[in-house]
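Chemist: Handing you this structure, nothing more for now.
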Amino acid sequence: MDKTVSGGNVKGCIIPPSSKSYAQRAIALSLLANGRSTLRNIEFCKDTRSALKCIEALGAKVSFIDDSSITIDGGLNPISDTLYVGESGLATRLFTPIASLHSSPICIKGEGTLLHRPMMLMIEPLRELGVEVLDGGGYLPIQVKGPIHGGKIEVDGSFSSQFITGLLLALPLALEDTTLIVKSPVSTPYIDMTIDTAHSFGVEILHNEGDYTEFFIKGRQKYEPADLAIEGDWSGASSMLVAGAIAGEVTINNISTLSKQADTAICRALERAGAGIIIEENSITVSKRPLHAFTFDATHCPDLFPALAALAAAAEGESTIIGTSRLRHKESDRALTICQEYEKLGIKVDISQEDVMKIQGGEISPATTFSHNDHRIAMSLAVSALRCDGEVKIENAECVEKSYPTFFEDLESIILR
């Protein structure tokens with residue numbers, strides 16, 4: 001599916017989808033809790049549906065209350081020897097340790113770009129925890145056979161926090177206590193989300209305040225069923241907030257600046273660029289003002305890079321965004337993809353310096369662009385197209401279904417015609 005976005009001003013209110021990061025964590029823990037959990041305000045995007053398929057294969061029963069609420073009767077009792085994680089990196093790194101809790105062999109399979117994303121950093125730590133692992137040369141498919149024993153383990157956290165999340169959620173059910181040492185942790189707000197969600201299901205994960213290098217997880221704990229409403233997604237909201245900053249005014253409702261989500265950091269970037277911001281208890285309004293170049297470190301919130309690229313392209317001068325090393329193994333090589341696609345729009349992007357992206361603001365030219373099947377790239381290009389004196393075509397725009405299925409409908413609803 002291709003989408004064409006014309007230049008224009010925006011004004012309106014949007015309720016973003018719920019956070020798929022929180023939803024996938026809550027879905028996983030609903031599986032591990034014996035009893036019935038209720039999850040409300042869920043957006044059934046592709047990644048969330050993949051997580052639901054995984055827990056059903058692992059023995060949970062999922063029932064729909066309405067179009068945004070489900071009950072999950074938990075209990076780890078696999079009915080299949082295969083988990084299909086779709087194209088979700090989080091589901092892969094979350095459910096591989098969880099599948100390793102069970103004594104039967106379970107194969108984790110994926111599709112699309114996920115098949116080219118390295119998984120080697122999971123394999124040796126799982127083996128050291130007593131799991132039998134058959135790997136596909138460091139890529140999916142991977143077969144695991146538990147149970148996880150626990151103990152003392154060291155994990156490289158410089159690549160992603162997602163495997164750390166999988167371990168933190170699985171290890172409370174391990175046979176022994178675990179001390180988890182994390183080298184060079186990144187995306188630490190996501191670890192906060194994990195600990196917060198585990199707490200909602202009655203399990204404590206201990207670490208020193210402000211230090212994410214050592215965790216103590218007591219074994220043989222029990223998760224308790226929970227009744228949770230999943231909060232609004234800052235990752236999806238970030239593109240719409242940038243739309244307000246560069247093309248008019250946008251209010252995002254049902255979202256909290258007190259959230260532990262990493263991408264609340266978009267507010268700091270918008271402030272640095274000079275956008276108008278009004279923050280209320282459950283909403284945020286961003287309006288257009290003259291934008292200037294900014295410097296921002298996105299190491300711990302790499303999913304913001306595409307939205308930040310759209311913001312920088314609209315700012316006068318050269319903006320600097322730090323953290324490109326985190327982008328190589330996303331749905332696409334996002335640093336290279338941003339370079340290629342924004343060049344088509346007439347925007348100069350320089351990634352020659354290690355871990356740094358420099359973007360020179362300028363006018364947006366009409367062009368045909370390609371999403372690279374990356375949902376966040378498609379959203380970024382669509383937002384930048386609002387500044388075009390003409391049209392921007394985005395090929396393979398259906399990839400937004402991975403996280404924000406109604407993105408283009410929501411964007412169209414606030415464009416002034």
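As shown in the structure tokens, the chain order sets the letters A, B, ...; within each chain, residues go from 1, and ligands are also counted from 1 in the order they appear.
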Determine, counting only C-alpha atoms, which protein, DNA and RNA residues have an atom within 10 Å of an atom of Ser384 of chain A; residues of the same chain fewer than 3 positions away are not included. Present the result as a PyMOL selection string.
Modeler: chain A and resi 5-7+239+242-243+246-247+307+309-314+342+345+363-365+379-381+387-388+392
Chemist: Hey, what does DSSP flag as alpha helix (DSSP H) within segment 76-307 of chain A? Can you give it to me as an mmCIF file with N, CA and C atoms, in the first residue's frame?
Modeler:
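Saved as part-v8.cif:
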data_model
loop_
_atom_site.group_PDB
_atom_site.id
_atom_site.type_symbol
_atom_site.label_atom_id
_atom_site.label_comp_id
_atom_site.auth_asym_id
_atom_site.auth_seq_id
_atom_site.Cartn_x
_atom_site.Cartn_y
_atom_site.Cartn_z
ATOM 1 N N GLY A 89 10.718 -7.561 17.553
ATOM 2 C CA GLY A 89 11.961 -7.794 18.267
ATOM 3 C C GLY A 89 11.735 -7.966 19.761
ATOM 4 N N LEU A 90 10.820 -7.158 20.328
ATOM 5 C CA LEU A 90 10.543 -7.280 21.759
ATOM 6 C C LEU A 90 9.940 -8.640 22.077
ATOM 7 N N ALA A 91 8.971 -9.099 21.284
ATOM 8 C CA ALA A 91 8.365 -10.407 21.540
ATOM 9 C C ALA A 91 9.413 -11.508 21.491
ATOM 10 N N THR A 92 10.365 -11.401 20.567
ATOM 11 C CA THR A 92 11.423 -12.411 20.468
ATOM 12 C C THR A 92 12.241 -12.467 21.741
ATOM 13 N N ARG A 93 12.709 -11.310 22.172
ATOM 14 C CA ARG A 93 13.623 -11.263 23.321
ATOM 15 C C ARG A 93 12.884 -11.397 24.636
ATOM 16 N N LEU A 94 11.578 -11.199 24.607
ATOM 17 C CA LEU A 94 10.752 -11.366 25.799
ATOM 18 C C LEU A 94 10.362 -12.832 25.998
ATOM 19 N N PHE A 95 9.879 -13.462 24.938
ATOM 20 C CA PHE A 95 9.322 -14.805 25.072
ATOM 21 C C PHE A 95 10.365 -15.920 24.959
ATOM 22 N N THR A 96 11.557 -15.607 24.477
ATOM 23 C CA THR A 96 12.592 -16.648 24.463
ATOM 24 C C THR A 96 12.981 -17.041 25.891
ATOM 25 N N PRO A 97 13.289 -16.099 26.801
ATOM 26 C CA PRO A 97 13.546 -16.498 28.195
ATOM 27 C C PRO A 97 12.317 -17.109 28.870
ATOM 28 N N ILE A 98 11.122 -16.598 28.547
ATOM 29 C CA ILE A 98 9.908 -17.147 29.166
ATOM 30 C C ILE A 98 9.680 -18.586 28.712
ATOM 31 N N ALA A 99 9.874 -18.865 27.419
ATOM 32 C CA ALA A 99 9.753 -20.244 26.933
ATOM 33 C C ALA A 99 10.792 -21.145 27.591
ATOM 34 N N MET A 120 22.397 -13.239 18.868
ATOM 35 C CA MET A 120 23.498 -13.966 19.500
ATOM 36 C C MET A 120 23.648 -13.615 20.983
ATOM 37 N N LEU A 121 23.366 -12.372 21.349
ATOM 38 C CA LEU A 121 23.594 -11.954 22.731
ATOM 39 C C LEU A 121 22.683 -12.671 23.720
ATOM 40 N N MET A 122 21.615 -13.327 23.221
ATOM 41 C CA MET A 122 20.748 -14.091 24.106
ATOM 42 C C MET A 122 21.284 -15.484 24.397
ATOM 43 N N ILE A 123 22.036 -16.027 23.480
ATOM 44 C CA ILE A 123 22.280 -17.466 23.476
ATOM 45 C C ILE A 123 23.175 -17.924 24.619
ATOM 46 N N GLU A 124 24.358 -17.326 24.758
ATOM 47 C CA GLU A 124 25.282 -17.779 25.808
ATOM 48 C C GLU A 124 24.740 -17.531 27.217
ATOM 49 N N PRO A 125 24.138 -16.356 27.497
ATOM 50 C CA PRO A 125 23.564 -16.176 28.839
ATOM 51 C C PRO A 125 22.509 -17.223 29.179
ATOM 52 N N LEU A 126 21.659 -17.588 28.218
ATOM 53 C CA LEU A 126 20.656 -18.612 28.487
ATOM 54 C C LEU A 126 21.322 -19.953 28.778
ATOM 55 N N ARG A 127 22.354 -20.279 28.035
ATOM 56 C CA ARG A 127 23.063 -21.535 28.295
ATOM 57 C C ARG A 127 23.679 -21.539 29.685
ATOM 58 N N GLU A 128 24.239 -20.396 30.088
ATOM 59 C CA GLU A 128 24.837 -20.316 31.418
ATOM 60 C C GLU A 128 23.784 -20.440 32.518
ATOM 61 N N GLN A 162 15.974 -5.110 25.509
ATOM 62 C CA GLN A 162 14.844 -6.026 25.375
ATOM 63 C C GLN A 162 15.124 -7.400 25.971
ATOM 64 N N PHE A 163 16.320 -7.935 25.780
ATOM 65 C CA PHE A 163 16.644 -9.230 26.364
ATOM 66 C C PHE A 163 16.737 -9.114 27.883
ATOM 67 N N ILE A 164 17.222 -7.966 28.375
ATOM 68 C CA ILE A 164 17.236 -7.730 29.821
ATOM 69 C C ILE A 164 15.819 -7.823 30.355
ATOM 70 N N THR A 165 14.872 -7.213 29.634
ATOM 71 C CA THR A 165 13.460 -7.290 30.022
ATOM 72 C C THR A 165 12.983 -8.731 30.077
ATOM 73 N N GLY A 166 13.298 -9.517 29.053
ATOM 74 C CA GLY A 166 12.884 -10.920 29.040
ATOM 75 C C GLY A 166 13.425 -11.690 30.230
ATOM 76 N N LEU A 167 14.693 -11.462 30.550
ATOM 77 C CA LEU A 167 15.285 -12.138 31.709
ATOM 78 C C LEU A 167 14.642 -11.686 33.013
ATOM 79 N N LEU A 168 14.455 -10.385 33.165
ATOM 80 C CA LEU A 168 13.890 -9.861 34.408
ATOM 81 C C LEU A 168 12.487 -10.400 34.667
ATOM 82 N N LEU A 169 11.724 -10.644 33.603
ATOM 83 C CA LEU A 169 10.367 -11.159 33.792
ATOM 84 C C LEU A 169 10.345 -12.674 33.983
ATOM 85 N N ALA A 170 11.305 -13.391 33.403
ATOM 86 C CA ALA A 170 11.322 -14.850 33.524
ATOM 87 C C ALA A 170 11.997 -15.309 34.817
ATOM 88 N N THR A 188 17.585 2.513 29.416
ATOM 89 C CA THR A 188 17.222 2.181 30.793
ATOM 90 C C THR A 188 15.789 2.551 31.171
ATOM 91 N N PRO A 189 15.143 3.569 30.552
ATOM 92 C CA PRO A 189 13.731 3.784 30.890
ATOM 93 C C PRO A 189 12.854 2.572 30.608
ATOM 94 N N TYR A 190 13.242 1.771 29.601
ATOM 95 C CA TYR A 190 12.467 0.570 29.308
ATOM 96 C C TYR A 190 12.623 -0.477 30.413
ATOM 97 N N ILE A 191 13.778 -0.477 31.064
ATOM 98 C CA ILE A 191 13.959 -1.370 32.203
ATOM 99 C C ILE A 191 13.064 -0.932 33.357
ATOM 100 N N ASP A 192 12.940 0.387 33.542
ATOM 101 C CA ASP A 192 12.000 0.896 34.551
ATOM 102 C C ASP A 192 10.577 0.424 34.259
ATOM 103 N N MET A 193 10.190 0.441 32.982
ATOM 104 C CA MET A 193 8.860 -0.034 32.594
ATOM 105 C C MET A 193 8.683 -1.503 32.978
ATOM 106 N N THR A 194 9.726 -2.288 32.759
ATOM 107 C CA THR A 194 9.665 -3.717 33.072
ATOM 108 C C THR A 194 9.477 -3.948 34.562
ATOM 109 N N ILE A 195 10.273 -3.266 35.361
ATOM 110 C CA ILE A 195 10.174 -3.417 36.815
ATOM 111 C C ILE A 195 8.811 -2.948 37.305
ATOM 112 N N ASP A 196 8.318 -1.857 36.740
ATOM 113 C CA ASP A 196 7.007 -1.318 37.115
ATOM 114 C C ASP A 196 5.890 -2.307 36.790
ATOM 115 N N THR A 197 5.956 -2.929 35.615
ATOM 116 C CA THR A 197 4.920 -3.886 35.224
ATOM 117 C C THR A 197 4.976 -5.139 36.092
ATOM 118 N N ALA A 198 6.183 -5.630 36.392
ATOM 119 C CA ALA A 198 6.320 -6.792 37.277
ATOM 120 C C ALA A 198 5.715 -6.491 38.649
ATOM 121 N N HIS A 199 5.937 -5.276 39.136
ATOM 122 C CA HIS A 199 5.381 -4.879 40.432
ATOM 123 C C HIS A 199 3.856 -4.920 40.398
ATOM 124 N N SER A 200 3.258 -4.527 39.267
ATOM 125 C CA SER A 200 1.796 -4.562 39.126
ATOM 126 C C SER A 200 1.250 -5.982 39.242
ATOM 127 N N TRP A 234 3.752 6.970 23.934
ATOM 128 C CA TRP A 234 4.549 8.146 23.596
ATOM 129 C C TRP A 234 5.298 7.971 22.284
ATOM 130 N N SER A 235 5.637 6.750 21.925
ATOM 131 C CA SER A 235 6.348 6.523 20.659
ATOM 132 C C SER A 235 5.469 6.933 19.479
ATOM 133 N N GLY A 236 4.215 6.499 19.500
ATOM 134 C CA GLY A 236 3.293 6.885 18.440
ATOM 135 C C GLY A 236 2.941 8.356 18.496
ATOM 136 N N ALA A 237 2.794 8.875 19.712
ATOM 137 C CA ALA A 237 2.427 10.288 19.871
ATOM 138 C C ALA A 237 3.522 11.220 19.389
ATOM 139 N N SER A 238 4.778 10.775 19.436
ATOM 140 C CA SER A 238 5.893 11.679 19.130
ATOM 141 C C SER A 238 5.798 12.258 17.723
ATOM 142 N N SER A 239 5.421 11.429 16.747
ATOM 143 C CA SER A 239 5.305 11.931 15.379
ATOM 144 C C SER A 239 4.210 12.980 15.267
ATOM 145 N N MET A 240 3.089 12.739 15.939
ATOM 146 C CA MET A 240 1.991 13.702 15.887
ATOM 147 C C MET A 240 2.352 15.017 16.594
ATOM 148 N N LEU A 241 3.126 14.921 17.666
ATOM 149 C CA LEU A 241 3.572 16.132 18.354
ATOM 150 C C LEU A 241 4.498 16.945 17.462
ATOM 151 N N VAL A 242 5.364 16.264 16.723
ATOM 152 C CA VAL A 242 6.226 16.968 15.774
ATOM 153 C C VAL A 242 5.382 17.610 14.671
ATOM 154 N N ALA A 243 4.319 16.933 14.258
ATOM 155 C CA ALA A 243 3.416 17.528 13.250
ATOM 156 C C ALA A 243 2.880 18.868 13.743
ATOM 157 N N GLY A 244 2.504 18.934 15.024
ATOM 158 C CA GLY A 244 2.046 20.200 15.586
ATOM 159 C C GLY A 244 3.140 21.247 15.575
ATOM 160 N N ALA A 245 4.374 20.842 15.891
ATOM 161 C CA ALA A 245 5.490 21.782 15.973
ATOM 162 C C ALA A 245 5.864 22.377 14.629
ATOM 163 N N ILE A 246 5.676 21.630 13.543
ATOM 164 C CA ILE A 246 6.131 22.113 12.242
ATOM 165 C C ILE A 246 5.003 22.601 11.343
ATOM 166 N N ALA A 247 3.724 22.300 11.712
ATOM 167 C CA ALA A 247 2.651 22.590 10.756
ATOM 168 C C ALA A 247 1.372 23.124 11.389
ATOM 169 N N ILE A 266 10.658 13.240 23.999
ATOM 170 C CA ILE A 266 10.335 14.098 22.864
ATOM 171 C C ILE A 266 9.998 15.501 23.341
ATOM 172 N N CYS A 267 9.458 15.623 24.551
ATOM 173 C CA CYS A 267 9.122 16.947 25.083
ATOM 174 C C CYS A 267 10.365 17.820 25.219
ATOM 175 N N ARG A 268 11.462 17.243 25.683
ATOM 176 C CA ARG A 268 12.708 18.000 25.829
ATOM 177 C C ARG A 268 13.234 18.447 24.477
ATOM 178 N N ALA A 269 13.146 17.564 23.490
ATOM 179 C CA ALA A 269 13.616 17.921 22.152
ATOM 180 C C ALA A 269 12.781 19.052 21.567
ATOM 181 N N LEU A 270 11.459 18.984 21.728
ATOM 182 C CA LEU A 270 10.581 20.035 21.212
ATOM 183 C C LEU A 270 10.874 21.374 21.874
ATOM 184 N N GLU A 271 11.115 21.349 23.171
ATOM 185 C CA GLU A 271 11.462 22.581 23.890
ATOM 186 C C GLU A 271 12.772 23.160 23.370
ATOM 187 N N ARG A 272 13.769 22.315 23.173
ATOM 188 C CA ARG A 272 15.063 22.787 22.693
ATOM 189 C C ARG A 272 14.969 23.379 21.291
ATOM 190 N N ALA A 273 14.054 22.840 20.483
ATOM 191 C CA ALA A 273 13.887 23.346 19.119
ATOM 192 C C ALA A 273 13.053 24.622 19.074
ATOM 193 N N PHE A 305 14.331 8.659 16.946
ATOM 194 C CA PHE A 305 15.150 9.193 15.857
ATOM 195 C C PHE A 305 14.336 9.637 14.636
ATOM 196 N N PRO A 306 13.410 8.813 14.109
ATOM 197 C CA PRO A 306 12.668 9.267 12.931
ATOM 198 C C PRO A 306 11.845 10.531 13.180
ATOM 199 N N ALA A 307 11.184 10.628 14.335
ATOM 200 C CA ALA A 307 10.433 11.842 14.663
ATOM 201 C C ALA A 307 11.370 13.030 14.817
#
Chemist: Looking at A:Glu176, A:Glu132, A:Asp66, A:Glu224, which one is nearest to Ala26 of chain A, with distances taken over only C-alpha atoms?
Modeler: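 The shortest atom-to-atom distance to Ala26 of chain A comes from A:Glu224.
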Chemist: Just list the residues in segment 117-321 of chain A DSSP gives strand (DSSP E) on the backbone, as a compact mmCIF listing (two decimals) with N, CA and C atoms, in the first residue's frame.
Modeler:
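The new file states23.txt reads:
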# COMPACT_ATOMS: atom_id res chain seq x y z
N GLU A 132 19.10 -25.37 27.40
CA GLU A 132 19.64 -25.95 26.17
C GLU A 132 19.17 -25.10 24.99
N VAL A 133 20.13 -24.61 24.21
CA VAL A 133 19.79 -23.70 23.11
C VAL A 133 20.36 -24.25 21.80
N LEU A 134 19.50 -24.37 20.81
CA LEU A 134 19.93 -24.64 19.44
C LEU A 134 19.67 -23.37 18.64
N ILE A 142 15.36 -20.04 16.78
CA ILE A 142 16.12 -20.51 17.93
C ILE A 142 15.25 -21.48 18.71
N GLN A 143 15.83 -22.60 19.12
CA GLN A 143 15.09 -23.55 19.97
C GLN A 143 15.67 -23.53 21.37
N VAL A 144 14.78 -23.47 22.37
CA VAL A 144 15.22 -23.48 23.77
C VAL A 144 14.53 -24.60 24.52
N LYS A 145 15.22 -25.12 25.53
CA LYS A 145 14.66 -26.16 26.39
C LYS A 145 15.14 -25.90 27.82
N GLY A 151 21.10 -18.21 39.17
CA GLY A 151 22.52 -18.15 39.49
C GLY A 151 23.05 -16.75 39.27
N LYS A 152 24.34 -16.63 38.97
CA LYS A 152 24.95 -15.33 38.68
C LYS A 152 25.31 -15.30 37.22
N ILE A 153 24.88 -14.24 36.54
CA ILE A 153 25.03 -14.18 35.09
C ILE A 153 25.38 -12.76 34.68
N GLU A 154 26.23 -12.63 33.66
CA GLU A 154 26.61 -11.33 33.11
C GLU A 154 26.09 -11.23 31.69
N VAL A 155 25.47 -10.09 31.37
CA VAL A 155 24.86 -9.89 30.05
C VAL A 155 25.33 -8.56 29.48
N ASP A 156 25.62 -8.55 28.19
CA ASP A 156 25.98 -7.30 27.49
C ASP A 156 24.69 -6.51 27.23
N THR A 178 18.79 -15.17 41.41
CA THR A 178 19.69 -14.76 40.34
C THR A 178 20.27 -13.38 40.63
N THR A 179 21.57 -13.25 40.40
CA THR A 179 22.20 -11.94 40.34
C THR A 179 22.55 -11.68 38.88
N LEU A 180 21.95 -10.63 38.33
CA LEU A 180 22.13 -10.30 36.91
C LEU A 180 23.01 -9.06 36.80
N ILE A 181 24.18 -9.24 36.20
CA ILE A 181 25.12 -8.14 35.97
C ILE A 181 24.96 -7.68 34.52
N VAL A 182 24.70 -6.40 34.33
CA VAL A 182 24.49 -5.85 32.98
C VAL A 182 25.63 -4.90 32.64
N LYS A 183 26.36 -5.22 31.59
CA LYS A 183 27.45 -4.36 31.13
C LYS A 183 26.91 -3.30 30.16
N LEU A 206 14.93 -6.20 42.31
CA LEU A 206 15.73 -5.24 43.07
C LEU A 206 16.96 -4.80 42.29
N HIS A 207 17.27 -3.50 42.39
CA HIS A 207 18.53 -2.96 41.88
C HIS A 207 18.79 -1.65 42.60
N GLU A 214 23.37 -3.94 38.07
CA GLU A 214 23.26 -5.14 38.89
C GLU A 214 21.84 -5.29 39.43
N PHE A 215 21.27 -6.47 39.21
CA PHE A 215 19.90 -6.75 39.64
C PHE A 215 19.91 -8.03 40.48
N PHE A 216 19.06 -8.04 41.49
CA PHE A 216 18.87 -9.26 42.28
C PHE A 216 17.43 -9.72 42.12
N ILE A 217 17.26 -10.94 41.65
CA ILE A 217 15.92 -11.48 41.40
C ILE A 217 15.76 -12.75 42.22
N ASP A 227 -5.44 -6.36 37.05
CA ASP A 227 -6.41 -5.64 36.23
C ASP A 227 -5.77 -4.31 35.86
N LEU A 228 -5.36 -4.17 34.61
CA LEU A 228 -4.57 -3.01 34.19
C LEU A 228 -5.18 -2.32 32.99
N ALA A 229 -5.08 -0.99 32.98
CA ALA A 229 -5.36 -0.21 31.78
C ALA A 229 -4.01 0.20 31.19
N GLY A 248 1.38 23.50 12.67
CA GLY A 248 0.15 24.06 13.23
C GLY A 248 0.01 23.85 14.72
N GLU A 249 -0.95 23.03 15.10
CA GLU A 249 -1.17 22.76 16.53
C GLU A 249 -1.84 21.40 16.69
N VAL A 250 -1.30 20.59 17.58
CA VAL A 250 -1.85 19.26 17.84
C VAL A 250 -1.93 19.05 19.34
N THR A 251 -3.07 18.54 19.79
CA THR A 251 -3.24 18.14 21.18
C THR A 251 -3.34 16.62 21.25
N ILE A 252 -2.52 16.02 22.08
CA ILE A 252 -2.57 14.58 22.32
C ILE A 252 -3.23 14.35 23.67
N ASN A 253 -4.34 13.64 23.66
CA ASN A 253 -5.07 13.33 24.89
C ASN A 253 -4.76 11.92 25.38
N GLY A 276 6.13 25.53 20.78
CA GLY A 276 5.25 25.88 21.88
C GLY A 276 4.67 24.63 22.52
N ILE A 277 4.74 24.51 23.84
CA ILE A 277 4.27 23.31 24.53
C ILE A 277 3.42 23.70 25.73
N ILE A 278 2.25 23.09 25.82
CA ILE A 278 1.40 23.23 27.00
C ILE A 278 1.14 21.83 27.54
N ILE A 279 1.55 21.57 28.79
CA ILE A 279 1.41 20.25 29.41
C ILE A 279 0.33 20.32 30.47
N GLU A 280 -0.64 19.41 30.37
CA GLU A 280 -1.69 19.28 31.38
C GLU A 280 -1.67 17.86 31.93
N SER A 283 -2.83 15.41 29.02
CA SER A 283 -2.74 15.82 27.62
C SER A 283 -1.53 16.73 27.43
N ILE A 284 -1.13 16.88 26.19
CA ILE A 284 -0.06 17.79 25.82
C ILE A 284 -0.41 18.42 24.48
N THR A 285 -0.20 19.74 24.39
CA THR A 285 -0.46 20.48 23.16
C THR A 285 0.84 21.08 22.66
N VAL A 286 1.14 20.85 21.39
CA VAL A 286 2.35 21.41 20.78
C VAL A 286 1.93 22.27 19.59
N SER A 287 2.49 23.47 19.52
CA SER A 287 2.13 24.40 18.45
C SER A 287 3.37 24.93 17.74
N THR A 295 20.47 20.18 19.80
CA THR A 295 21.30 19.01 20.05
C THR A 295 20.57 18.12 21.03
N PHE A 296 20.54 16.82 20.73
CA PHE A 296 19.77 15.91 21.58
C PHE A 296 20.43 14.54 21.59
N ASP A 297 20.53 13.95 22.78
CA ASP A 297 21.08 12.60 22.93
C ASP A 297 19.93 11.59 23.01
N GLU A 318 21.76 23.55 11.64
CA GLU A 318 22.15 22.13 11.66
C GLU A 318 21.95 21.55 13.06
N SER A 319 21.07 20.57 13.15
CA SER A 319 20.80 19.89 14.42
C SER A 319 21.69 18.66 14.55
N THR A 320 21.98 18.30 15.80
CA THR A 320 22.83 17.14 16.09
C THR A 320 22.07 16.18 16.99
N ILE A 321 21.95 14.93 16.54
CA ILE A 321 21.28 13.89 17.32
C ILE A 321 22.28 12.78 17.58
Chemist: Which is closest to Val62 of chain A among A:Gly323, A:Gly35, A:Gly86, A:Gly110, if we use only C-alpha atoms?
Modeler: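 Smallest distance to Val62 of chain A is found for A:Gly35.
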Chemist: Suppose you want the space between atom CA of Glu395 of chain A and atom CA of Met1 of chain A; what is it in Å?
Modeler: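 Computing it gives 6.6 Å between the two atoms.
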Chemist: Excluding same-chain residues fewer than 2 positions from Glu43 of chain A, what lies within 6 Å of it counting only C-alpha atoms, as a PDB file with N, CA and C atoms, in the first residue's frame?
Modeler:
ATOM      1  N   PRO A  17      -2.568   5.421  20.085  1.00  0.00           N
ATOM      2  CA  PRO A  17      -2.767   4.029  20.506  1.00  0.00           C
ATOM      3  C   PRO A  17      -2.121   3.807  21.861  1.00  0.00           C
ATOM      4  N   SER A  18      -2.494   2.723  22.503  1.00  0.00           N
ATOM      5  CA  SER A  18      -1.850   2.387  23.777  1.00  0.00           C
ATOM      6  C   SER A  18      -0.428   1.903  23.523  1.00  0.00           C
ATOM      7  N   CYS A  45      -2.332  -3.830  17.505  1.00  0.00           N
ATOM      8  CA  CYS A  45      -1.433  -3.700  16.373  1.00  0.00           C
ATOM      9  C   CYS A  45      -0.737  -5.044  16.132  1.00  0.00           C
TER      10      CYS A  45
END
